[in-house]
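Asker: The structure file entry.cif (mmCIF, C-alpha atoms and all ligand atoms) is provided below.
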```
data_run
#
loop_
_atom_site.label_atom_id
_atom_site.label_comp_id
_atom_site.auth_asym_id
_atom_site.auth_seq_id
_atom_site.Cartn_x
_atom_site.Cartn_y
_atom_site.Cartn_z
CA MET T 1 158.29 -158.43 -15.31
CA LYS T 2 158.61 -159.75 -18.87
CA ILE T 3 155.81 -162.28 -18.22
CA TYR T 4 153.48 -159.68 -16.69
CA ASN T 5 154.06 -157.41 -19.71
CA MET T 6 153.33 -160.27 -22.08
CA LEU T 7 150.12 -161.20 -20.23
CA ASN T 8 149.00 -157.57 -20.10
CA GLY T 9 149.75 -157.20 -23.80
CA LEU T 10 147.61 -160.22 -24.69
CA LYS T 11 144.77 -159.06 -22.46
CA ASN T 12 144.81 -155.55 -23.96
CA LYS T 13 144.88 -156.97 -27.45
CA VAL T 14 141.72 -159.01 -26.79
CA LEU T 15 140.03 -156.11 -25.00
CA LYS T 16 140.68 -153.96 -28.10
CA GLY T 17 138.83 -156.53 -30.19
CA GLU T 18 141.88 -158.09 -31.84
CA ASN T 19 142.47 -161.83 -32.22
CA LEU T 20 145.16 -163.82 -30.46
CA SER T 21 147.52 -165.66 -32.83
CA PHE T 22 148.18 -169.39 -32.35
CA GLN T 23 151.66 -168.56 -31.09
CA GLU T 24 150.31 -166.05 -28.56
CA ALA T 25 147.81 -168.63 -27.32
CA GLU T 26 150.72 -171.04 -26.84
CA GLN T 27 152.62 -168.40 -24.85
CA LEU T 28 149.59 -167.84 -22.63
CA TYR T 29 148.87 -171.53 -22.07
CA SER T 30 152.50 -172.33 -21.26
CA LEU T 31 152.62 -169.89 -18.35
CA PRO T 32 153.37 -171.70 -15.07
CA GLU T 33 150.61 -172.00 -12.50
CA GLU T 34 152.27 -169.46 -10.21
CA TYR T 35 150.79 -166.87 -12.64
CA LEU T 36 147.30 -168.36 -12.47
CA THR T 37 145.76 -165.54 -10.42
CA ASP T 38 147.08 -163.02 -12.96
CA ILE T 39 145.72 -165.12 -15.85
CA LEU T 40 142.31 -165.39 -14.17
CA SER T 41 142.23 -161.68 -13.41
CA ALA T 42 142.93 -160.90 -17.10
CA SER T 43 140.39 -163.44 -18.30
CA SER T 44 137.78 -162.11 -15.90
CA LYS T 45 138.18 -158.62 -17.39
CA ILE T 46 137.64 -160.07 -20.88
CA ARG T 47 134.51 -161.93 -19.73
CA THR T 48 133.14 -158.80 -18.07
CA LYS T 49 133.74 -156.68 -21.17
CA TYR T 50 132.10 -159.06 -23.66
CA ARG T 51 129.67 -161.13 -21.58
CA HIS T 52 128.94 -158.71 -18.69
CA ASP T 53 127.63 -160.16 -15.42
CA ALA T 54 125.04 -162.56 -16.84
CA VAL T 55 125.16 -166.33 -16.37
CA SER T 56 123.07 -168.69 -18.50
CA LEU T 57 121.67 -171.88 -16.98
CA CYS T 58 120.83 -174.83 -19.21
CA ALA T 59 119.16 -178.04 -18.06
CA ILE T 60 119.70 -181.11 -20.21
CA THR T 61 117.47 -184.15 -20.37
CA ASN T 62 118.46 -187.58 -21.59
CA ALA T 63 115.53 -188.32 -23.90
CA ARG T 64 116.99 -191.59 -25.22
CA SER T 65 119.66 -193.29 -23.18
CA GLY T 66 122.46 -195.67 -24.08
CA MET T 67 122.62 -198.41 -26.75
CA CYS T 68 124.62 -196.12 -29.03
CA PRO T 69 126.28 -197.83 -32.02
CA GLU T 70 129.19 -195.37 -31.96
CA ASP T 71 132.42 -196.08 -30.08
CA CYS T 72 133.36 -192.71 -28.50
CA ALA T 73 136.02 -193.78 -26.01
CA PHE T 74 134.83 -191.57 -23.15
CA CYS T 75 131.11 -192.22 -23.37
CA ALA T 76 129.02 -194.19 -20.88
CA GLN T 77 126.24 -194.48 -23.49
CA SER T 78 128.27 -196.28 -26.16
CA GLY T 79 127.11 -199.85 -26.83
CA TYR T 80 130.81 -200.79 -26.91
CA HIS T 81 131.02 -200.12 -23.16
CA ASN T 82 129.43 -202.30 -20.55
CA THR T 83 128.50 -199.51 -18.14
CA SER T 84 125.81 -199.61 -15.49
CA ILE T 85 123.65 -196.75 -16.84
CA SER T 86 119.94 -197.21 -17.37
CA THR T 87 119.05 -197.50 -21.06
CA TYR T 88 115.72 -196.68 -22.72
CA PRO T 89 114.27 -195.68 -26.11
CA LEU T 90 112.94 -192.19 -26.89
CA ILE T 91 110.68 -190.91 -24.11
CA SER T 92 107.16 -189.72 -24.98
CA LYS T 93 106.22 -186.17 -25.86
CA ASP T 94 104.36 -185.85 -22.53
CA GLU T 95 107.44 -186.90 -20.61
CA MET T 96 109.48 -184.25 -22.47
CA LEU T 97 106.87 -181.64 -21.47
CA ASN T 98 107.01 -182.78 -17.83
CA ARG T 99 110.78 -182.56 -17.75
CA ALA T 100 110.75 -179.11 -19.41
CA GLY T 101 108.24 -177.91 -16.79
CA ASP T 102 110.37 -179.25 -13.94
CA THR T 103 113.49 -177.49 -15.17
CA PHE T 104 111.60 -174.25 -15.88
CA ARG T 105 110.43 -174.16 -12.27
CA GLN T 106 114.03 -174.59 -11.11
CA GLY T 107 114.94 -171.28 -12.77
CA THR T 108 116.77 -172.35 -15.94
CA ASN T 109 116.62 -170.25 -19.08
CA ARG T 110 117.41 -173.10 -21.51
CA PHE T 111 116.17 -176.69 -21.83
CA CYS T 112 118.00 -179.15 -24.06
CA ILE T 113 116.58 -182.45 -25.37
CA VAL T 114 119.45 -184.90 -25.87
CA THR T 115 119.35 -188.35 -27.49
CA SER T 116 122.09 -190.96 -27.56
CA GLY T 117 123.00 -192.53 -30.88
CA ARG T 118 124.29 -191.61 -34.31
CA GLY T 119 121.13 -189.73 -35.27
CA ILE T 120 117.32 -189.92 -35.17
CA ASN T 121 114.72 -191.34 -37.55
CA ASN T 122 111.70 -189.52 -38.99
CA ASP T 123 109.23 -190.79 -36.38
CA GLU T 124 111.50 -189.73 -33.54
CA LEU T 125 112.03 -186.33 -35.14
CA SER T 126 108.26 -185.83 -35.40
CA VAL T 127 107.80 -186.55 -31.67
CA ILE T 128 110.62 -184.16 -30.77
CA CYS T 129 109.31 -181.41 -33.09
CA GLU T 130 105.82 -181.72 -31.57
CA ALA T 131 107.31 -181.51 -28.08
CA ILE T 132 109.37 -178.43 -28.98
CA GLY T 133 106.29 -176.65 -30.36
CA GLU T 134 104.28 -177.51 -27.25
CA ILE T 135 107.03 -176.48 -24.81
CA LYS T 136 107.37 -173.15 -26.61
CA ARG T 137 103.65 -172.56 -26.26
CA LEU T 138 103.68 -173.43 -22.54
CA TYR T 139 106.91 -171.61 -21.64
CA PRO T 140 107.45 -168.90 -24.26
CA ASN T 141 110.55 -167.48 -22.55
CA LEU T 142 112.36 -170.80 -22.18
CA LYS T 143 114.93 -171.37 -24.95
CA ILE T 144 114.69 -174.86 -26.42
CA ASP T 145 117.79 -176.68 -27.62
CA ALA T 146 118.42 -180.18 -28.92
CA SER T 147 121.34 -182.55 -29.38
CA LEU T 148 120.24 -185.40 -31.63
CA GLY T 149 123.43 -186.49 -33.39
CA ILE T 150 124.23 -186.32 -37.07
CA LEU T 151 121.58 -184.35 -38.95
CA SER T 152 120.56 -183.90 -42.61
CA GLU T 153 119.70 -180.50 -44.10
CA LYS T 154 116.06 -181.61 -44.35
CA ASP T 155 115.91 -182.50 -40.65
CA ALA T 156 117.64 -179.26 -39.68
CA SER T 157 115.05 -177.27 -41.57
CA LYS T 158 112.23 -179.19 -39.81
CA LEU T 159 113.79 -178.33 -36.45
CA LYS T 160 114.11 -174.69 -37.45
CA LYS T 161 110.44 -174.60 -38.49
CA CYS T 162 109.21 -176.04 -35.20
CA GLY T 163 111.03 -173.28 -33.31
CA LEU T 164 114.26 -174.87 -32.09
CA ASP T 165 116.56 -172.15 -30.78
CA ARG T 166 119.89 -173.94 -30.68
CA TYR T 167 121.44 -177.28 -31.66
CA ASN T 168 124.36 -178.93 -29.88
CA HIS T 169 126.83 -180.95 -31.89
CA ASN T 170 130.33 -181.15 -30.45
CA LEU T 171 133.59 -181.50 -32.34
CA GLU T 172 134.76 -183.18 -29.09
CA SER T 173 138.49 -182.53 -29.61
CA ALA T 174 141.12 -181.39 -32.09
CA GLU T 175 140.93 -182.77 -35.63
CA SER T 176 144.47 -184.14 -35.24
CA TYR T 177 143.36 -186.20 -32.21
CA PHE T 178 139.82 -187.24 -33.19
CA SER T 179 140.72 -190.69 -34.55
CA LYS T 180 142.06 -191.60 -31.09
CA ILE T 181 138.68 -191.06 -29.46
CA CYS T 182 136.29 -192.44 -32.08
CA THR T 183 136.55 -194.76 -35.08
CA THR T 184 132.89 -195.19 -36.11
CA HIS T 185 132.52 -191.64 -37.41
CA THR T 186 134.96 -188.89 -38.34
CA TYR T 187 135.74 -185.33 -37.40
CA ALA T 188 134.54 -184.40 -40.90
CA ASP T 189 131.14 -185.99 -40.13
CA ARG T 190 130.83 -183.82 -37.05
CA LEU T 191 131.95 -180.69 -38.87
CA ARG T 192 129.40 -181.36 -41.62
CA THR T 193 126.48 -181.44 -39.16
CA ALA T 194 127.77 -178.30 -37.42
CA LYS T 195 127.78 -176.48 -40.77
CA ILE T 196 124.28 -177.76 -41.63
CA ILE T 197 123.01 -176.27 -38.38
CA LYS T 198 124.50 -172.89 -39.17
CA LYS T 199 123.13 -172.99 -42.71
CA ALA T 200 119.65 -173.72 -41.35
CA GLY T 201 119.83 -170.54 -39.25
CA ILE T 202 119.86 -172.37 -35.92
CA GLU T 203 122.30 -171.24 -33.22
CA LEU T 204 125.25 -173.61 -32.96
CA CYS T 205 126.35 -174.97 -29.58
CA CYS T 206 129.62 -176.76 -30.24
CA GLY T 207 132.50 -177.74 -27.99
CA GLY T 208 133.91 -180.89 -26.52
CA ILE T 209 135.83 -182.57 -23.76
CA ILE T 210 139.19 -181.68 -22.25
CA GLY T 211 141.36 -184.43 -20.78
CA LEU T 212 141.00 -187.15 -23.42
CA GLY T 213 144.77 -187.47 -23.76
CA GLU T 214 145.18 -184.55 -26.17
CA THR T 215 148.27 -182.33 -25.94
CA ASP T 216 148.26 -178.67 -24.95
CA ARG T 217 148.86 -177.78 -28.59
CA GLN T 218 145.82 -179.85 -29.62
CA ARG T 219 143.66 -177.98 -27.10
CA ILE T 220 144.70 -174.75 -28.78
CA GLU T 221 144.07 -176.28 -32.22
CA PHE T 222 140.58 -177.27 -30.99
CA ALA T 223 139.87 -173.74 -29.68
CA PHE T 224 140.86 -172.17 -33.01
CA ALA T 225 138.69 -174.68 -34.94
CA LEU T 226 135.70 -173.56 -32.87
CA LYS T 227 136.59 -169.94 -33.52
CA ASP T 228 136.78 -170.60 -37.28
CA LEU T 229 133.36 -172.24 -37.11
CA ASP T 230 131.96 -169.09 -35.48
CA ILE T 231 130.00 -171.07 -32.90
CA ASP T 232 127.42 -169.34 -30.70
CA SER T 233 127.99 -171.32 -27.52
CA LEU T 234 130.93 -173.42 -26.40
CA PRO T 235 130.17 -176.30 -24.03
CA LEU T 236 133.37 -177.35 -22.26
CA ASN T 237 133.41 -180.71 -20.50
CA PHE T 238 136.25 -182.04 -18.39
CA LEU T 239 136.72 -185.80 -18.47
CA ASN T 240 135.01 -187.68 -15.70
CA PRO T 241 136.37 -191.19 -16.34
CA ILE T 242 133.47 -193.64 -16.22
CA ALA T 243 133.98 -197.26 -15.16
CA ASN T 244 134.18 -199.72 -18.08
CA THR T 245 134.76 -197.06 -20.75
CA GLN T 246 138.03 -197.04 -22.69
CA MET T 247 139.10 -194.01 -20.64
CA MET T 248 138.23 -195.37 -17.21
CA ASN T 249 141.87 -195.29 -16.05
CA PHE T 250 142.70 -191.82 -17.29
CA LEU T 251 144.19 -189.58 -14.61
CA PRO T 252 141.89 -186.85 -13.33
CA LEU T 253 142.58 -183.31 -14.51
CA ARG T 254 144.09 -180.95 -11.98
CA PRO T 255 141.74 -178.12 -10.93
CA LEU T 256 144.30 -175.38 -11.62
CA SER T 257 144.92 -176.72 -15.11
CA ILE T 258 141.15 -176.72 -15.77
CA LEU T 259 140.93 -173.07 -14.73
CA LYS T 260 143.84 -172.15 -16.99
CA THR T 261 142.16 -174.02 -19.86
CA ILE T 262 138.89 -172.10 -19.41
CA ALA T 263 140.91 -168.86 -19.50
CA LEU T 264 142.64 -170.01 -22.70
CA PHE T 265 139.26 -170.51 -24.40
CA ARG T 266 138.02 -167.12 -23.14
CA PHE T 267 141.09 -165.40 -24.61
CA ILE T 268 140.63 -167.15 -27.98
CA LEU T 269 136.82 -166.83 -28.13
CA PRO T 270 136.26 -163.62 -26.13
CA THR T 271 132.72 -162.83 -27.29
CA LYS T 272 131.21 -166.34 -27.18
CA GLU T 273 129.19 -168.03 -24.47
CA ILE T 274 131.39 -170.53 -22.61
CA ARG T 275 129.37 -173.12 -20.74
CA ILE T 276 131.04 -175.42 -18.22
CA CYS T 277 129.41 -178.84 -18.41
CA GLY T 278 130.24 -182.38 -17.32
CA GLY T 279 133.12 -182.99 -14.95
CA ARG T 280 132.74 -179.64 -13.14
CA GLN T 281 131.89 -181.04 -9.71
CA VAL T 282 134.10 -184.12 -9.79
CA ASN T 283 137.22 -182.32 -11.06
CA LEU T 284 136.97 -178.84 -9.51
CA ARG T 285 135.31 -179.63 -6.21
CA ASN T 286 135.53 -176.50 -3.98
CA LEU T 287 137.14 -174.42 -6.74
CA GLN T 288 133.97 -174.36 -8.85
CA PRO T 289 133.20 -170.65 -8.25
CA LEU T 290 136.51 -169.78 -9.94
CA ILE T 291 135.20 -170.92 -13.35
CA PHE T 292 133.54 -167.51 -13.70
CA MET T 293 136.77 -165.69 -12.93
CA ALA T 294 138.47 -167.93 -15.50
CA GLY T 295 135.99 -166.71 -18.12
CA ALA T 296 132.92 -168.94 -18.07
CA ASP T 297 129.49 -167.31 -18.33
CA ALA T 298 127.22 -170.35 -18.42
CA ILE T 299 126.77 -173.73 -16.77
CA ILE T 300 124.71 -176.88 -17.03
CA ILE T 301 122.37 -177.01 -14.07
CA GLY T 302 121.00 -180.14 -12.42
CA ASN T 303 122.04 -183.64 -13.41
CA TYR T 304 124.08 -184.56 -16.47
CA LEU T 305 123.03 -187.28 -18.92
CA THR T 306 124.33 -190.22 -16.90
CA THR T 307 126.03 -188.66 -13.87
CA PRO T 308 124.69 -186.50 -11.03
CA GLY T 309 125.20 -182.72 -10.92
CA SER T 310 124.67 -180.16 -8.16
CA ARG T 311 121.36 -179.07 -6.66
CA PRO T 312 120.10 -176.20 -8.88
CA GLN T 313 119.47 -173.95 -5.88
CA ASP T 314 123.11 -174.39 -4.75
CA ASP T 315 124.44 -173.33 -8.16
CA ILE T 316 122.09 -170.34 -8.28
CA GLN T 317 123.21 -169.32 -4.79
CA MET T 318 126.88 -169.63 -5.85
CA ILE T 319 126.27 -167.33 -8.85
CA GLN T 320 124.44 -164.75 -6.74
CA ASP T 321 127.13 -164.86 -4.03
CA LEU T 322 129.70 -164.01 -6.70
CA GLY T 323 127.73 -160.85 -7.58
CA LEU T 324 126.72 -162.29 -10.95
CA ARG T 325 123.22 -162.39 -12.42
CA VAL T 326 121.31 -165.47 -13.51
CA ILE T 327 119.73 -164.82 -16.91
CA SER T 328 115.99 -164.52 -16.37
CA ARG T 329 113.58 -166.74 -18.30
CA GLY T 330 110.84 -164.16 -17.83
S1 LIG G 1 129.12 -189.37 -27.52
FE1 LIG G 1 127.16 -189.57 -28.62
S2 LIG G 1 127.70 -190.63 -30.53
FE2 LIG G 1 129.42 -190.97 -29.11
S3 LIG G 1 128.95 -192.92 -28.07
FE3 LIG G 1 128.13 -191.28 -26.77
S4 LIG G 1 125.99 -191.07 -27.39
FE4 LIG G 1 127.06 -192.21 -29.02
#
```
Just give me the structure as structure tokens.
Ligand code: SF4

Answerer:
Amino acid sequence: MKIYNMLNGLKNKVLKGENLSFQEAEQLYSLPEEYLTDILSASSKIRTKYRHDAVSLCAITNARSGMCPEDCAFCAQSGYHNTSISTYPLISKDEMLNRAGDTFRQGTNRFCIVTSGRGINNDELSVICEAIGEIKRLYPNLKIDASLGILSEKDASKLKKCGLDRYNHNLESAESYFSKICTTHTYADRLRTAKIIKKAGIELCCGGIIGLGETDRQRIEFAFALKDLDIDSLPLNFLNPIANTQMMNFLPLRPLSILKTIALFRFILPTKEIRICGGRQVNLRNLQPLIFMAGADAIIIGNYLTTPGSRPQDDIQMIQDLGLRVISRG
């Protein structure tokens, strides 16, 4: 009874528009899995209140693959890891337009151009800006996002001018854990770019990966850092250990613990978009529909950068079967 009262109290607090404290988030996240259905039911009510029944679909395209000089321990695209991905330099503007057209026809409402590497040079930025302008002319209702690494204020303002809607730059994990997952750049570097994006007036998509060896407390620390940053969209990935990366032998996350983690983020960031990204299929398998009950209101559709995803029509069918609504791209 005490636990149900505590859970109800936390839910009502969030529904009233109040913030959870760090200690309350710890109480919630430490609840045993036998309470999972109650946690999901509470989280679902919070999602419905603040995000309604709409689900956003974003398709990502790997516009420059691999050969990255950074050493992120989880990443198949790091030059430190001898993985079997295909590597290539920046694709042409025409190829970006083709890929945007393909994803538009699949029913997505967002298209994100992603490049591997620390950042981009001026020539690459010009190609991407031209492509963004052209895609916006061809598909005016498709939101265009980019994830191009560390960015200067000057580059952010160029992207804003060419019509970019949103920029992705993840913090990846808690500040107290970051040095365990990357040594070639710092958490502060990532935070700096995230703040530059906000200053430029571009929506900030910023999240990370769960299951990198961080503690429960560090997951909560990470969620509160994203809240402090006032992000617009939170991409949550769940580690899919890739052969020949430093994390290849990490144990897979348990599906029920993933669902509880999504609920934790929904309680801490009740009004924000929460997008479930890489690792959804491989870790959740048949429990994927429950991500929406846990509090998610967005997914990546189609393939990921280096790993396969679901067929877009299957994901759309899943969303419709749940009585939810795919956000229209007009
Ligand atoms: S996560 Fe990004 S910066 Fe890190 S290795 Fe992969 S592509 Fe490079």

Asker: Throw together the list of residues within 7 Å of ligand LIG 1 (chain G), counting only C-alpha atoms and all ligand atoms, and drop it here as a PDB file with C-alpha atoms, in the coordinates of the input.

Answerer:
```pdb
ATOM      1  CA  GLY T  66     122.460-195.670 -24.080  1.00  0.00           C
ATOM      2  CA  CYS T  68     124.620-196.120 -29.030  1.00  0.00           C
ATOM      3  CA  PRO T  69     126.280-197.830 -32.020  1.00  0.00           C
ATOM      4  CA  GLU T  70     129.190-195.370 -31.960  1.00  0.00           C
ATOM      5  CA  ASP T  71     132.420-196.080 -30.080  1.00  0.00           C
ATOM      6  CA  CYS T  72     133.360-192.710 -28.500  1.00  0.00           C
ATOM      7  CA  CYS T  75     131.110-192.220 -23.370  1.00  0.00           C
ATOM      8  CA  ALA T  76     129.020-194.190 -20.880  1.00  0.00           C
ATOM      9  CA  GLN T  77     126.240-194.480 -23.490  1.00  0.00           C
ATOM     10  CA  SER T  78     128.270-196.280 -26.160  1.00  0.00           C
ATOM     11  CA  SER T 116     122.090-190.960 -27.560  1.00  0.00           C
ATOM     12  CA  GLY T 117     123.000-192.530 -30.880  1.00  0.00           C
ATOM     13  CA  ARG T 118     124.290-191.610 -34.310  1.00  0.00           C
ATOM     14  CA  GLY T 149     123.430-186.490 -33.390  1.00  0.00           C
TER      15      GLY T 149
END
```

Asker: Tell me which protein, DNA and RNA residues are within 12 Å of Arg311 of chain T, counting all atoms listed in the file, leaving out same-chain ones fewer than 4 positions away, and put them as an MDAnalysis selection string.

Answerer: chainID T and resid 59 103 106:107 281 300:304 315:318

Asker: Select, from T:Glu130, T:Asp314, T:Glu24, T:Asp165, the residue with the minimum atom-to-atom distance to Ile202 of chain T, counting all atoms listed in the file.

Answerer: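 Checking each candidate against Ile202 of chain T, we get T:Asp165 as the closest.
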
Asker: Neighbours of Val55 of chain T within 7 Å (all atoms listed in the file; same-chain residues fewer than 6 positions away dropped), as a compact mmCIF listing (two decimals) with C-alpha atoms, in the frame of the given file?

Answerer:
```txt
# COMPACT_ATOMS: atom_id res chain seq x y z
CA ASP T 297 129.49 -167.31 -18.33
CA ALA T 298 127.22 -170.35 -18.42
CA LEU T 324 126.72 -162.29 -10.95
CA ARG T 325 123.22 -162.39 -12.42
CA VAL T 326 121.31 -165.47 -13.51
CA ILE T 327 119.73 -164.82 -16.91
```

Asker: Got a sec: who's within 10 Å of Ile91 of chain T, counting all atoms listed in the file, leaving out chain neighbours fewer than 4 positions off, as a PyMOL selection string?

Answerer: chain T and resi 62-65+95-96+115+124+127-128

Asker: For the atom pair atom CA of Ala42 of chain T and atom CA of Ile268 of chain T, what is the interatomic distance in Å to one decimal place?

Answerer: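 Distance between the two atoms: 12.8 Å.
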
Asker: Would you compute the distance between atom CA of Pro289 of chain T and atom CA of Leu226 of chain T? Give it in Å to one decimal.

Answerer: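 One can read the atom CA of Pro289 of chain T to atom CA of Leu226 of chain T distance as 24.9 Å.
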
Asker: Which neighbours of segment 259-261 of chain T fall inside 8 Å, counting only C-alpha atoms, when residues of the same chain fewer than 5 positions from it are skipped, and could you give them as number ranges by chain?

Answerer: T: 29, 36, 39-40, 290-291, 294

Asker: Can you pull out the residues contacting Ala73 of chain T? Cut-off 7 Å, using only C-alpha atoms, and skip same-chain residues under 2 positions away; I want them as a PyMOL selection string.

Answerer: chain T and resi 71+75+181-182+245-247

Asker: Which residue gives the smallest distance to Ser44 of chain T among T:Ser86, T:Asp230, T:Met6, T:Lys11, with all atoms listed in the file counted?

Answerer: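 Of T:Ser86, T:Asp230, T:Met6, T:Lys11, the one nearest Ser44 of chain T is T:Lys11, counting all atoms listed in the file.
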
Asker: With N, CA and C atoms as the target, complete segment 315-328 of chain T and hand it back as a short mmCIF file (atom, residue, chain, number, x, y, z; two decimals), in the frame of the given file.

Answerer:
```cif
data_model
loop_
_atom_site.label_atom_id
_atom_site.label_comp_id
_atom_site.auth_asym_id
_atom_site.auth_seq_id
_atom_site.Cartn_x
_atom_site.Cartn_y
_atom_site.Cartn_z
N ASP T 315 123.74 -174.03 -7.09
CA ASP T 315 124.44 -173.33 -8.16
C ASP T 315 123.95 -171.89 -8.28
N ILE T 316 122.64 -171.70 -8.17
CA ILE T 316 122.09 -170.34 -8.28
C ILE T 316 122.62 -169.47 -7.14
N GLN T 317 122.67 -170.06 -5.94
CA GLN T 317 123.21 -169.32 -4.79
C GLN T 317 124.68 -168.95 -5.03
N MET T 318 125.46 -169.89 -5.57
CA MET T 318 126.88 -169.63 -5.85
C MET T 318 127.02 -168.44 -6.80
N ILE T 319 126.20 -168.41 -7.85
CA ILE T 319 126.27 -167.33 -8.85
C ILE T 319 125.92 -166.00 -8.20
N GLN T 320 124.86 -166.01 -7.40
CA GLN T 320 124.44 -164.75 -6.74
C GLN T 320 125.49 -164.29 -5.73
N ASP T 321 126.10 -165.23 -5.01
CA ASP T 321 127.13 -164.86 -4.03
C ASP T 321 128.34 -164.22 -4.70
N LEU T 322 128.57 -164.58 -5.96
CA LEU T 322 129.70 -164.01 -6.70
C LEU T 322 129.37 -162.63 -7.27
N GLY T 323 128.14 -162.16 -7.05
CA GLY T 323 127.73 -160.85 -7.58
C GLY T 323 127.37 -160.92 -9.05
N LEU T 324 127.12 -162.13 -9.56
CA LEU T 324 126.72 -162.29 -10.95
C LEU T 324 125.20 -162.44 -11.02
N ARG T 325 124.67 -162.42 -12.24
CA ARG T 325 123.22 -162.39 -12.42
C ARG T 325 122.79 -163.58 -13.26
N VAL T 326 121.86 -164.36 -12.73
CA VAL T 326 121.31 -165.47 -13.51
C VAL T 326 120.39 -164.90 -14.59
N ILE T 327 120.58 -165.33 -15.84
CA ILE T 327 119.73 -164.82 -16.91
C ILE T 327 118.29 -165.24 -16.65
N SER T 328 117.39 -164.25 -16.69
CA SER T 328 115.99 -164.52 -16.37
C SER T 328 115.31 -165.21 -17.54
#
```
